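Q: Contents of final-v4.cif (mmCIF, C-alpha atoms) are below:
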```cif
data_final
loop_
_atom_site.label_atom_id
_atom_site.label_comp_id
_atom_site.auth_asym_id
_atom_site.auth_seq_id
_atom_site.Cartn_x
_atom_site.Cartn_y
_atom_site.Cartn_z
CA MET A 1 17.17 -5.81 -18.45
CA SER A 2 16.44 -2.16 -18.01
CA LEU A 3 16.35 -0.58 -14.57
CA LYS A 4 13.11 -0.34 -12.65
CA PHE A 5 12.76 2.65 -10.36
CA PHE A 6 10.15 2.75 -7.59
CA PHE A 7 9.26 6.23 -6.37
CA GLY A 8 6.67 8.28 -4.60
CA PRO A 9 5.90 11.79 -5.85
CA LYS A 10 7.53 14.65 -3.96
CA THR A 11 9.77 12.31 -1.98
CA CYS A 12 13.56 12.18 -1.90
CA ALA A 13 13.33 9.66 -4.77
CA LEU A 14 13.48 12.66 -7.09
CA ALA A 15 17.23 12.98 -6.46
CA SER A 16 17.96 9.51 -7.83
CA ARG A 17 15.63 10.04 -10.75
CA ILE A 18 17.46 13.20 -11.75
CA ALA A 19 20.75 11.29 -11.58
CA LEU A 20 19.31 8.56 -13.82
CA GLU A 21 18.23 11.22 -16.29
CA GLU A 22 21.62 12.94 -16.14
CA ALA A 23 23.33 9.60 -16.80
CA GLY A 24 21.05 8.98 -19.77
CA VAL A 25 20.07 5.56 -18.44
CA ALA A 26 16.93 3.80 -19.60
CA TYR A 27 14.63 3.02 -16.68
CA GLU A 28 11.01 2.19 -16.03
CA ALA A 29 9.51 4.43 -13.36
CA VAL A 30 6.94 2.79 -11.08
CA ARG A 31 4.85 5.18 -9.03
CA LEU A 32 3.71 4.07 -5.60
CA ASP A 33 0.54 5.45 -4.08
CA MET A 34 2.25 6.52 -0.85
CA ALA A 35 -0.85 8.15 0.63
CA GLY A 36 -2.72 4.90 0.02
CA GLY A 37 0.03 2.90 1.72
CA GLN A 38 1.19 0.97 -1.34
CA GLN A 39 4.74 1.03 0.05
CA ARG A 40 3.59 -1.33 2.80
CA THR A 41 1.89 -3.91 0.56
CA PRO A 42 3.42 -7.42 0.35
CA ASP A 43 4.27 -6.85 -3.33
CA TYR A 44 6.40 -3.84 -2.55
CA LEU A 45 7.85 -5.22 0.70
CA ALA A 46 9.20 -8.06 -1.44
CA VAL A 47 11.16 -5.40 -3.35
CA ASN A 48 12.14 -3.29 -0.32
CA PRO A 49 11.41 -4.76 3.12
CA LYS A 50 11.88 -1.29 4.60
CA GLY A 51 8.68 -0.13 2.90
CA ARG A 52 10.22 3.09 1.71
CA VAL A 53 11.25 4.76 -1.53
CA PRO A 54 13.30 4.98 -3.61
CA ALA A 55 14.23 1.47 -4.71
CA LEU A 56 16.23 0.76 -7.84
CA VAL A 57 15.94 -2.72 -9.32
CA THR A 58 19.07 -3.57 -11.32
CA ALA A 59 20.24 -6.72 -13.08
CA HIS A 60 22.31 -7.45 -9.95
CA GLY A 61 19.55 -6.91 -7.41
CA VAL A 62 17.69 -4.18 -5.56
CA LEU A 63 19.33 -1.04 -4.22
CA THR A 64 17.81 1.27 -1.62
CA GLU A 65 18.84 4.44 0.26
CA THR A 66 19.36 7.62 -1.72
CA PRO A 67 23.08 8.14 -0.98
CA ALA A 68 23.85 4.56 -2.06
CA ILE A 69 21.74 4.78 -5.22
CA LEU A 70 23.38 8.08 -6.18
CA ALA A 71 26.87 6.66 -5.63
CA TYR A 72 25.92 3.60 -7.64
CA ILE A 73 24.71 5.65 -10.60
CA ALA A 74 27.94 7.68 -10.53
CA GLN A 75 30.11 4.56 -10.42
CA ALA A 76 28.11 2.36 -12.78
CA TYR A 77 27.82 5.05 -15.48
CA PRO A 78 31.21 6.77 -15.31
CA ALA A 79 30.80 8.44 -18.70
CA ALA A 80 28.24 10.77 -17.12
CA LYS A 81 30.96 12.13 -14.78
CA LEU A 82 28.57 12.53 -11.86
CA ALA A 83 31.25 12.18 -9.16
CA PRO A 84 35.05 12.20 -8.80
CA ILE A 85 35.04 8.42 -8.55
CA ASP A 86 38.79 8.03 -9.14
CA ASP A 87 39.73 10.18 -6.15
CA PRO A 88 38.79 8.51 -2.84
CA PHE A 89 39.02 11.75 -0.84
CA ALA A 90 37.01 13.87 -3.30
CA PHE A 91 34.43 11.09 -3.68
CA ALA A 92 34.15 10.85 0.10
CA GLN A 93 33.54 14.61 0.29
CA VAL A 94 30.60 14.18 -2.09
CA GLN A 95 29.33 11.30 -0.01
CA ALA A 96 29.72 13.31 3.21
CA PHE A 97 27.58 16.06 1.72
CA ASN A 98 24.92 13.54 0.71
CA SER A 99 25.08 11.84 4.08
CA TYR A 100 24.40 15.17 5.77
CA LEU A 101 21.35 15.72 3.56
CA CYS A 102 20.11 12.21 4.32
CA SER A 103 20.70 11.99 8.05
CA THR A 104 20.21 15.63 9.09
CA VAL A 105 18.27 17.67 6.52
CA HIS A 106 15.80 14.99 5.42
CA ILE A 107 15.33 13.99 9.07
CA ASN A 108 14.54 17.59 10.06
CA HIS A 109 11.93 17.69 7.29
CA ALA A 110 10.49 14.30 8.26
CA HIS A 111 9.48 15.64 11.66
CA LYS A 112 6.71 17.62 9.95
CA MET A 113 4.69 14.62 8.81
CA ARG A 114 6.35 11.50 10.20
CA GLY A 115 6.58 12.23 13.91
CA TYR A 116 4.93 8.88 14.59
CA ARG A 117 8.28 7.26 13.88
CA TRP A 118 9.73 8.76 17.04
CA ALA A 119 6.84 9.64 19.37
CA ASP A 120 3.26 8.67 20.19
CA GLU A 121 1.48 11.81 21.42
CA GLU A 122 -0.35 14.36 19.28
CA THR A 123 1.17 17.14 21.36
CA SER A 124 4.64 15.88 20.42
CA TYR A 125 3.73 15.81 16.72
CA ALA A 126 2.53 19.41 16.92
CA ASP A 127 5.71 20.42 18.75
CA MET A 128 7.89 18.69 16.14
CA LYS A 129 5.97 20.30 13.32
CA ARG A 130 6.46 23.76 14.81
CA LYS A 131 10.21 23.31 14.92
CA VAL A 132 10.69 22.24 11.29
CA PRO A 133 11.09 25.81 9.91
CA GLN A 134 13.85 26.41 12.48
CA SER A 135 15.75 23.15 12.02
CA MET A 136 15.54 23.37 8.22
CA ALA A 137 16.71 27.00 8.25
CA GLU A 138 19.64 26.08 10.51
CA SER A 139 20.73 23.30 8.16
CA PHE A 140 20.48 25.54 5.12
CA THR A 141 22.38 28.30 6.92
CA LEU A 142 25.22 25.84 7.36
CA ILE A 143 24.97 24.65 3.75
CA GLU A 144 25.02 28.25 2.47
CA ARG A 145 27.95 29.28 4.64
CA ASP A 146 30.19 26.23 4.61
CA MET A 147 29.09 23.55 2.19
CA ILE A 148 28.17 24.94 -1.22
CA ALA A 149 30.95 26.30 -3.41
CA GLY A 150 28.82 27.46 -6.33
CA PRO A 151 27.70 27.35 -9.02
CA TRP A 152 27.37 23.65 -8.16
CA VAL A 153 27.83 22.18 -4.69
CA PHE A 154 31.42 21.23 -5.47
CA GLY A 155 32.24 24.17 -7.71
CA GLU A 156 32.54 23.86 -11.46
CA ASP A 157 31.82 20.13 -11.54
CA TYR A 158 28.22 18.97 -11.35
CA THR A 159 27.93 15.90 -9.11
CA ILE A 160 25.38 13.62 -7.43
CA ALA A 161 25.32 16.17 -4.59
CA ASP A 162 23.44 18.59 -6.83
CA PRO A 163 20.21 16.68 -7.50
CA TYR A 164 20.03 15.74 -3.83
CA LEU A 165 20.44 19.33 -2.63
CA TYR A 166 17.89 20.46 -5.22
CA THR A 167 15.42 17.87 -3.92
CA MET A 168 15.79 19.18 -0.36
CA SER A 169 15.60 22.79 -1.56
CA ARG A 170 12.25 22.03 -3.17
CA TRP A 171 10.90 21.24 0.32
CA LEU A 172 11.85 24.61 1.83
CA GLU A 173 8.74 26.53 0.85
CA GLY A 174 6.42 23.86 2.27
CA ASP A 175 8.56 23.80 5.40
CA GLY A 176 8.07 27.53 5.93
CA VAL A 177 11.56 28.65 4.94
CA ASP A 178 12.22 31.34 2.33
CA ILE A 179 14.97 30.13 0.00
CA ALA A 180 15.88 33.78 -0.70
CA ARG A 181 17.61 33.83 2.70
CA PHE A 182 20.29 31.62 1.12
CA PRO A 183 21.57 33.30 -2.06
CA LYS A 184 23.92 30.52 -3.16
CA VAL A 185 21.28 27.85 -2.55
CA ALA A 186 18.68 29.96 -4.38
CA ASP A 187 21.02 30.39 -7.34
CA HIS A 188 21.69 26.64 -7.33
CA PHE A 189 17.97 25.93 -7.25
CA LYS A 190 17.39 28.17 -10.25
CA ARG A 191 20.26 26.67 -12.25
CA MET A 192 19.07 23.16 -11.51
CA GLY A 193 15.61 23.99 -12.78
CA GLU A 194 17.11 24.95 -16.12
CA ARG A 195 18.72 21.56 -16.77
CA PRO A 196 16.78 19.35 -19.19
CA ALA A 197 17.45 16.22 -17.10
CA VAL A 198 15.95 17.93 -14.06
CA GLN A 199 12.93 19.09 -16.04
CA ARG A 200 12.31 15.56 -17.29
CA ALA A 201 12.61 14.08 -13.80
CA VAL A 202 10.33 16.71 -12.27
CA ALA A 203 7.76 16.21 -15.01
CA GLY A 204 7.64 12.52 -14.15
CA ASP A 205 7.44 13.13 -10.40
CA ALA A 206 3.68 13.28 -10.15
CA MET K 1 51.24 13.69 7.79
CA SER K 2 49.44 11.12 9.84
CA LEU K 3 45.67 11.19 10.19
CA LYS K 4 44.04 13.02 13.06
CA PHE K 5 40.78 11.55 14.31
CA PHE K 6 38.39 13.59 16.46
CA PHE K 7 35.96 11.53 18.51
CA GLY K 8 33.68 11.55 21.52
CA PRO K 9 33.50 8.45 23.70
CA LYS K 10 30.52 6.15 23.14
CA THR K 11 29.48 7.98 19.97
CA CYS K 12 29.20 6.62 16.44
CA ALA K 13 32.84 7.68 15.96
CA LEU K 14 33.77 4.22 17.22
CA ALA K 15 32.81 2.72 13.85
CA SER K 16 35.39 4.77 11.97
CA ARG K 17 38.01 4.12 14.63
CA ILE K 18 37.56 0.38 14.27
CA ALA K 19 37.93 0.73 10.50
CA LEU K 20 41.17 2.70 10.98
CA GLU K 21 42.46 -0.06 13.26
CA GLU K 22 41.40 -2.76 10.80
CA ALA K 23 43.21 -0.93 8.01
CA GLY K 24 46.32 -0.65 10.16
CA VAL K 25 46.53 3.09 9.58
CA ALA K 26 48.51 5.36 11.89
CA TYR K 27 46.31 8.05 13.40
CA GLU K 28 46.27 10.43 16.31
CA ALA K 29 43.04 10.22 18.29
CA VAL K 30 41.78 13.47 19.78
CA ARG K 31 39.10 13.10 22.42
CA LEU K 32 36.48 15.83 22.68
CA ASP K 33 34.75 16.55 25.96
CA MET K 34 31.27 16.24 24.50
CA ALA K 35 29.44 16.68 27.82
CA GLY K 36 31.40 19.89 28.31
CA GLY K 37 30.47 21.13 24.83
CA GLN K 38 33.96 21.07 23.34
CA GLN K 39 32.45 20.14 19.97
CA ARG K 40 30.95 23.65 19.85
CA THR K 41 34.14 25.59 20.62
CA PRO K 42 35.61 27.82 17.86
CA ASP K 43 38.69 25.58 17.67
CA TYR K 44 36.64 22.52 16.83
CA LEU K 45 34.12 24.34 14.65
CA ALA K 46 37.12 25.35 12.50
CA VAL K 47 37.67 21.61 11.93
CA ASN K 48 34.00 20.65 11.56
CA PRO K 49 31.48 23.50 11.30
CA LYS K 50 28.71 21.01 12.08
CA GLY K 51 30.01 20.67 15.63
CA ARG K 52 29.74 16.91 15.60
CA VAL K 53 31.97 13.86 15.64
CA PRO K 54 33.65 12.04 14.06
CA ALA K 55 35.98 14.16 11.95
CA LEU K 56 38.99 12.74 10.16
CA VAL K 57 41.75 15.16 9.21
CA THR K 58 43.69 13.86 6.22
CA ALA K 59 46.48 15.31 4.10
CA HIS K 60 43.78 16.34 1.61
CA GLY K 61 41.40 17.98 4.08
CA VAL K 62 38.76 17.15 6.67
CA LEU K 63 36.19 14.40 6.26
CA THR K 64 32.98 14.11 8.29
CA GLU K 65 29.94 11.79 8.39
CA THR K 66 30.46 8.16 9.34
CA PRO K 67 29.32 6.56 6.05
CA ALA K 68 31.69 8.80 4.07
CA ILE K 69 34.64 8.22 6.41
CA LEU K 70 34.08 4.46 6.29
CA ALA K 71 33.91 4.47 2.48
CA TYR K 72 37.05 6.61 2.37
CA ILE K 73 39.01 4.23 4.57
CA ALA K 74 37.92 1.29 2.41
CA GLN K 75 38.90 3.06 -0.81
CA ALA K 76 42.08 4.76 0.40
CA TYR K 77 43.50 1.58 1.98
CA PRO K 78 42.44 -1.12 -0.46
CA ALA K 79 44.91 -3.68 0.89
CA ALA K 80 42.72 -3.98 4.00
CA LYS K 81 39.86 -5.26 1.80
CA LEU K 82 37.18 -3.52 3.83
CA ALA K 83 34.66 -3.24 0.98
CA PRO K 84 34.06 -4.61 -2.55
CA ILE K 85 35.35 -1.36 -4.02
CA ASP K 86 35.78 -2.75 -7.55
CA ASP K 87 32.13 -3.75 -7.86
CA PRO K 88 29.80 -0.71 -8.00
CA PHE K 89 26.68 -2.71 -7.13
CA ALA K 90 28.22 -4.63 -4.22
CA PHE K 91 29.86 -1.45 -2.91
CA ALA K 92 26.51 0.33 -3.12
CA GLN K 93 24.89 -2.48 -1.12
CA VAL K 94 27.43 -1.88 1.64
CA GLN K 95 26.74 1.83 1.47
CA ALA K 96 22.98 1.25 1.57
CA PHE K 97 23.41 -0.76 4.76
CA ASN K 98 25.50 1.99 6.32
CA SER K 99 23.09 4.66 5.16
CA TYR K 100 20.26 2.82 6.91
CA LEU K 101 22.27 2.71 10.13
CA CYS K 102 23.05 6.42 9.82
CA SER K 103 19.69 7.81 8.83
CA THR K 104 17.31 5.40 10.59
CA VAL K 105 18.99 3.46 13.42
CA HIS K 106 21.22 6.24 14.74
CA ILE K 107 18.31 8.68 14.40
CA ASN K 108 16.04 6.39 16.43
CA HIS K 109 18.71 6.27 19.14
CA ALA K 110 19.27 10.03 19.05
CA HIS K 111 15.69 10.64 20.16
CA LYS K 112 16.65 9.43 23.62
CA MET K 113 19.01 12.29 24.42
CA ARG K 114 18.87 14.76 21.54
CA GLY K 115 15.16 15.49 21.24
CA TYR K 116 15.98 19.21 21.38
CA ARG K 117 17.05 18.95 17.74
CA TRP K 118 13.47 18.35 16.68
CA ALA K 119 11.17 19.67 19.44
CA ASP K 120 11.04 22.21 22.26
CA GLU K 121 8.79 20.80 24.98
CA GLU K 122 9.88 18.57 27.86
CA THR K 123 6.76 16.47 27.34
CA SER K 124 7.88 15.76 23.77
CA TYR K 125 11.35 14.75 24.96
CA ALA K 126 9.82 12.32 27.43
CA ASP K 127 7.54 10.92 24.72
CA MET K 128 10.46 10.48 22.32
CA LYS K 129 12.55 8.81 25.00
CA ARG K 130 9.78 6.32 25.75
CA LYS K 131 9.60 5.26 22.12
CA VAL K 132 13.32 4.52 21.65
CA PRO K 133 13.14 0.87 22.81
CA GLN K 134 10.37 0.27 20.26
CA SER K 135 11.96 2.04 17.30
CA MET K 136 15.36 0.47 17.96
CA ALA K 137 13.81 -2.99 18.30
CA GLU K 138 11.91 -2.52 15.03
CA SER K 139 15.10 -1.56 13.19
CA PHE K 140 17.01 -4.51 14.59
CA THR K 141 14.14 -6.85 13.74
CA LEU K 142 14.53 -5.77 10.13
CA ILE K 143 18.33 -6.08 10.27
CA GLU K 144 18.06 -9.57 11.76
CA ARG K 145 15.47 -10.76 9.25
CA ASP K 146 16.57 -9.12 6.01
CA MET K 147 19.91 -7.40 6.23
CA ILE K 148 22.54 -9.52 7.97
CA ALA K 149 23.83 -12.62 6.16
CA GLY K 150 26.18 -13.89 8.86
CA PRO K 151 28.76 -14.38 10.09
CA TRP K 152 29.45 -10.83 8.90
CA VAL K 153 26.84 -8.46 7.56
CA PHE K 154 27.69 -9.39 3.98
CA GLY K 155 28.51 -13.04 4.57
CA GLU K 156 32.07 -14.35 4.57
CA ASP K 157 33.66 -10.99 3.78
CA TYR K 158 34.17 -8.53 6.62
CA THR K 159 33.36 -4.98 5.46
CA ILE K 160 32.90 -1.44 6.74
CA ALA K 161 29.29 -2.40 7.50
CA ASP K 162 30.50 -4.55 10.39
CA PRO K 163 32.10 -1.95 12.66
CA TYR K 164 29.13 0.33 12.08
CA LEU K 165 26.57 -2.34 12.99
CA TYR K 166 28.67 -3.27 16.02
CA THR K 167 28.67 0.37 17.15
CA MET K 168 24.86 0.51 16.95
CA SER K 169 24.54 -2.88 18.66
CA ARG K 170 26.53 -1.53 21.60
CA TRP K 171 23.75 1.01 22.16
CA LEU K 172 20.97 -1.56 22.46
CA GLU K 173 21.33 -2.32 26.15
CA GLY K 174 21.22 1.37 27.09
CA ASP K 175 18.24 1.78 24.80
CA GLY K 176 16.32 -0.91 26.65
CA VAL K 177 16.55 -3.61 23.99
CA ASP K 178 17.82 -7.14 24.71
CA ILE K 179 20.26 -8.12 21.95
CA ALA K 180 19.40 -11.79 22.61
CA ARG K 181 16.15 -11.18 20.70
CA PHE K 182 18.29 -11.04 17.54
CA PRO K 183 20.43 -14.18 17.33
CA LYS K 184 22.39 -13.23 14.20
CA VAL K 185 23.07 -9.74 15.53
CA ALA K 186 24.07 -11.16 18.91
CA ASP K 187 26.47 -13.59 17.24
CA HIS K 188 27.89 -10.74 15.16
CA PHE K 189 28.35 -8.64 18.29
CA LYS K 190 30.27 -11.43 20.01
CA ARG K 191 32.48 -12.11 16.98
CA MET K 192 33.27 -8.43 16.63
CA GLY K 193 34.34 -8.23 20.26
CA GLU K 194 36.92 -10.95 19.60
CA ARG K 195 38.73 -9.00 16.87
CA PRO K 196 41.96 -7.35 18.04
CA ALA K 197 41.24 -4.20 16.00
CA VAL K 198 37.88 -3.84 17.72
CA GLN K 199 39.45 -4.38 21.12
CA ARG K 200 42.03 -1.67 20.46
CA ALA K 201 39.42 0.78 19.24
CA VAL K 202 37.12 0.11 22.20
CA ALA K 203 40.02 0.48 24.65
CA GLY K 204 40.70 3.93 23.24
CA ASP K 205 37.02 4.95 23.26
CA ALA K 206 37.01 6.42 26.75
#
```
Let me see the structure of the file written as structure tokens.
A:
Amino acid sequence: MSLKFFFGPKTCALASRIALEEAGVAYEAVRLDMAGGQQRTPDYLAVNPKGRVPALVTAHGVLTETPAILAYIAQAYPAAKLAPIDDPFAFAQVQAFNSYLCSTVHINHAHKMRGYRWADEETSYADMKRKVPQSMAESFTLIERDMIAGPWVFGEDYTIADPYLYTMSRWLEGDGVDIARFPKVADHFKRMGERPAVQRAVAGDA
Amino acid sequence: MSLKFFFGPKTCALASRIALEEAGVAYEAVRLDMAGGQQRTPDYLAVNPKGRVPALVTAHGVLTETPAILAYIAQAYPAAKLAPIDDPFAFAQVQAFNSYLCSTVHINHAHKMRGYRWADEETSYADMKRKVPQSMAESFTLIERDMIAGPWVFGEDYTIADPYLYTMSRWLEGDGVDIARFPKVADHFKRMGERPAVQRAVAGDA
């Protein structure tokens, strides 16, 4: 059975899709109409009860959560060398980077459009939205200064941290942050865009 | 060199500390005065530039982010059997569970006291605080219904998902949610409290 990959365009699902492309894995991409609420239909909730993307259907079952899907791709397709899976400390460093993107950077971004998850008043949503450029810039300041070695996140070796950072970097412009403020991130963004696997994934992300 | 573990009392650091105790690893616990802002002092920022806990100092370097530290402990101390580390899919399932706790459940909780990360107005903070009982209850409803097998999160095998769930469950009362609404979670909470490793970790979490 080939993999089935549920995604919504312009979501964090892009990171996993790039990793699938990098690994050279065959998969069927299934686009959800997120604006139309397809992620909350009974059909999709049977796949992922959380009603979110991405979800990766494998022969063993369904996987959700970007950091877990990325780690799975790295471990299940070791020939692609997408993470230092034989070194627990180095692998954990990659996972720590991805965890930061998931639980801090993506969360900052989510306050632009998904404030209803954490508040009920329109005034709060507007307040949250105003702060997104600041919180995103703060996170990327930290990434630029302390977390990205260059040319890839972990230096010479491309890993599952790279497609995830690239996915977050793609959100900067819409979040009101100029990527040029972060030279290493900007260079990373440019290099990523030149990879055929990234180009294929982005082309499908519509 | 023995491990050095930086924590703040009643934070998510407890999950990693329980895992260290379960693995029977020697570590030195270093308590930060979080209320006093010690996590933002130059000394601590040299350990973790993010200014957060936990941080685990190993012979190889510093690790941060709870899901990454938990995965590291499971992989670096395999004799403790804290995760199905030889099965990429099963390991990813454990990581998906932990990623949900980190990026959804912990984030819900954080809106009670850390609204300043995502908004600037006192009215927004009050709004966020009001919604915490609802968002936490929704997450635990999902955990109870779809994510916890019992007696442990992944059935008969205790994993690194268990101390992390326990740590979040400990926050429910303060977040205005009655754990009795979730029988499997409540049973898990009770069982966890009976484990000597958990008791040692909790005793040190002050």
Q: Give the residues of chain K that lie within 8 Å of chain A; count all atoms listed in the file, and format the answer as an MDAnalysis selection string.
A: chainID K and resid 49:50 60 63:65 67:69 71:72 75:76 88:89 91:93 95:96 99:100 102:104 107:108 111 117:121 123:124 127:128 130:132 135 142 146
Q: In Å, rounded to a single decimal, give me how far atom CA of Leu3 of chain K is from atom CA of Tyr27 of chain K.
A: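 Separation of atom CA of Tyr27 of chain K and atom CA of Leu3 of chain K: 4.5 Å.
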Q: Calculated over only C-alpha atoms, which of the candidates A:Ile160, A:Ala206, A:Val177, A:Met168 has the smallest distance to Glu22 of chain A?
A: A:Ile160
Q: So what do you get for atom CA of Cys12 of chain A versus atom CA of Tyr164 of chain K, distance-wise?
A: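 Separation of atom CA of Cys12 of chain A and atom CA of Tyr164 of chain K: 24.0 Å.
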Q: Show which residues sit within 10 Å of Tyr166 of chain K, as a PDB file with C-alpha atoms, keeping the file's coordinate frame. Count only C-alpha atoms, and ignore same-chain residues fewer than 5 positions away.
A:
```
ATOM      1  CA  CYS K  12      29.200   6.620  16.440  1.00  0.00           C
ATOM      2  CA  LEU K  14      33.770   4.220  17.220  1.00  0.00           C
ATOM      3  CA  ALA K  15      32.810   2.720  13.850  1.00  0.00           C
ATOM      4  CA  ILE K  18      37.560   0.380  14.270  1.00  0.00           C
ATOM      5  CA  ALA K 161      29.290  -2.400   7.500  1.00  0.00           C
ATOM      6  CA  TRP K 171      23.750   1.010  22.160  1.00  0.00           C
ATOM      7  CA  VAL K 185      23.070  -9.740  15.530  1.00  0.00           C
ATOM      8  CA  ALA K 186      24.070 -11.160  18.910  1.00  0.00           C
ATOM      9  CA  HIS K 188      27.890 -10.740  15.160  1.00  0.00           C
ATOM     10  CA  PHE K 189      28.350  -8.640  18.290  1.00  0.00           C
ATOM     11  CA  LYS K 190      30.270 -11.430  20.010  1.00  0.00           C
ATOM     12  CA  ARG K 191      32.480 -12.110  16.980  1.00  0.00           C
ATOM     13  CA  MET K 192      33.270  -8.430  16.630  1.00  0.00           C
ATOM     14  CA  GLY K 193      34.340  -8.230  20.260  1.00  0.00           C
ATOM     15  CA  VAL K 198      37.880  -3.840  17.720  1.00  0.00           C
TER      16      VAL K 198
END
```
Q: Please compute the atom CA of Val105 of chain K-atom CA of Lys4 of chain A distance, one decimal, in Å.
A: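 It comes out at 27.0 Å.
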Q: May I have the centre and edge lengths, in Å to one decimal, of an axis-aligned box around the listed atoms of segment 69-84 of chain A with 8 Å added to every side, as JSON?
A:
```
{"center_x": 28.4, "center_y": 7.4, "center_z": -12.0, "size_x": 29.3, "size_y": 26.2, "size_z": 29.5}
```
Q: For Ala26 of chain A, find every residue with an atom within 10 Å (counting all atoms listed in the file), except residues of its own chain fewer than 3 positions away, and show them as a ChimeraX atom specification.
A: /A:1-4,20-21,23,29
Q: Which residue out of K:Gly150, K:Gly176, K:Pro133, K:Pro9 has the minimum interatomic distance to Val53 of chain K when only C-alpha atoms are used?
A: K:Pro9
Q: Tell me which protein, DNA and RNA residues are within 12 Å of Asp178 of chain K, counting only C-alpha atoms, leaving out same-chain ones fewer than 3 positions away, and put them as a list in words.
A: Pro133, Gln134, Met136, Ala137, Phe140, Thr141, Ser169, Arg170, Trp171, Leu172, Glu173, Gly174, Asp175, Arg181, Phe182, Pro183, Val185 and Ala186 of chain K
Q: Could you state which residues are captured by the PyMOL selection byres ((chain A and resi 32) around 12) in this file, as an NGL selection string?
A: :A and (5-11 or 13 or 29-31 or 33-41 or 43-45 or 51-55 or 205-206)
Q: So, counting only C-alpha atoms, which residue among K:Val47, K:Pro42, K:Val202, K:Pro84 is closest to Phe154 of chain K?
A: K:Pro84
Q: Nearest to Ala19 of chain A among A:Ala180, A:Ala80, A:Pro151, A:Met113, with distances taken over all atoms listed in the file: which residue is it?
A: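 Among A:Ala180, A:Ala80, A:Pro151, A:Met113, it is A:Ala80 that comes nearest to Ala19 of chain A.
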Q: Output segment 68-83 of chain A with N, CA and C atoms present, as an mmCIF file, keeping the file's coordinate frame.
A:
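The new file part_22.cif reads:
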```cif
data_model
loop_
_atom_site.group_PDB
_atom_site.id
_atom_site.type_symbol
_atom_site.label_atom_id
_atom_site.label_comp_id
_atom_site.auth_asym_id
_atom_site.auth_seq_id
_atom_site.Cartn_x
_atom_site.Cartn_y
_atom_site.Cartn_z
ATOM 1 N N ALA A 68 23.279 5.751 -1.430
ATOM 2 C CA ALA A 68 23.850 4.560 -2.060
ATOM 3 C C ALA A 68 23.449 4.482 -3.538
ATOM 4 N N ILE A 69 22.199 4.806 -3.825
ATOM 5 C CA ILE A 69 21.740 4.780 -5.220
ATOM 6 C C ILE A 69 22.490 5.838 -6.037
ATOM 7 N N LEU A 70 22.652 7.016 -5.469
ATOM 8 C CA LEU A 70 23.380 8.080 -6.180
ATOM 9 C C LEU A 70 24.827 7.659 -6.446
ATOM 10 N N ALA A 71 25.483 7.089 -5.442
ATOM 11 C CA ALA A 71 26.870 6.660 -5.630
ATOM 12 C C ALA A 71 26.943 5.556 -6.679
ATOM 13 N N TYR A 72 25.952 4.677 -6.662
ATOM 14 C CA TYR A 72 25.920 3.600 -7.640
ATOM 15 C C TYR A 72 25.795 4.148 -9.068
ATOM 16 N N ILE A 73 24.891 5.071 -9.259
ATOM 17 C CA ILE A 73 24.710 5.650 -10.600
ATOM 18 C C ILE A 73 26.013 6.291 -11.068
ATOM 19 N N ALA A 74 26.669 7.018 -10.161
ATOM 20 C CA ALA A 74 27.940 7.680 -10.530
ATOM 21 C C ALA A 74 29.003 6.654 -10.905
ATOM 22 N N GLN A 75 29.059 5.553 -10.171
ATOM 23 C CA GLN A 75 30.110 4.560 -10.420
ATOM 24 C C GLN A 75 29.777 3.633 -11.584
ATOM 25 N N ALA A 76 28.492 3.317 -11.731
ATOM 26 C CA ALA A 76 28.110 2.360 -12.780
ATOM 27 C C ALA A 76 28.056 3.012 -14.164
ATOM 28 N N TYR A 77 27.893 4.335 -14.194
ATOM 29 C CA TYR A 77 27.820 5.050 -15.480
ATOM 30 C C TYR A 77 28.863 6.168 -15.477
ATOM 31 N N PRO A 78 30.142 5.775 -15.487
ATOM 32 C CA PRO A 78 31.210 6.770 -15.310
ATOM 33 C C PRO A 78 31.268 7.815 -16.409
ATOM 34 N N ALA A 79 30.738 7.471 -17.594
ATOM 35 C CA ALA A 79 30.800 8.440 -18.700
ATOM 36 C C ALA A 79 30.027 9.711 -18.380
ATOM 37 N N ALA A 80 29.050 9.610 -17.476
ATOM 38 C CA ALA A 80 28.240 10.770 -17.120
ATOM 39 C C ALA A 80 28.995 11.732 -16.206
ATOM 40 N N LYS A 81 30.115 11.285 -15.651
ATOM 41 C CA LYS A 81 30.960 12.130 -14.780
ATOM 42 C C LYS A 81 30.144 12.801 -13.678
ATOM 43 N N LEU A 82 29.429 11.988 -12.916
ATOM 44 C CA LEU A 82 28.570 12.530 -11.860
ATOM 45 C C LEU A 82 29.250 12.557 -10.492
ATOM 46 N N ALA A 83 30.495 12.114 -10.415
ATOM 47 C CA ALA A 83 31.250 12.180 -9.160
ATOM 48 C C ALA A 83 32.722 11.919 -9.462
#
```
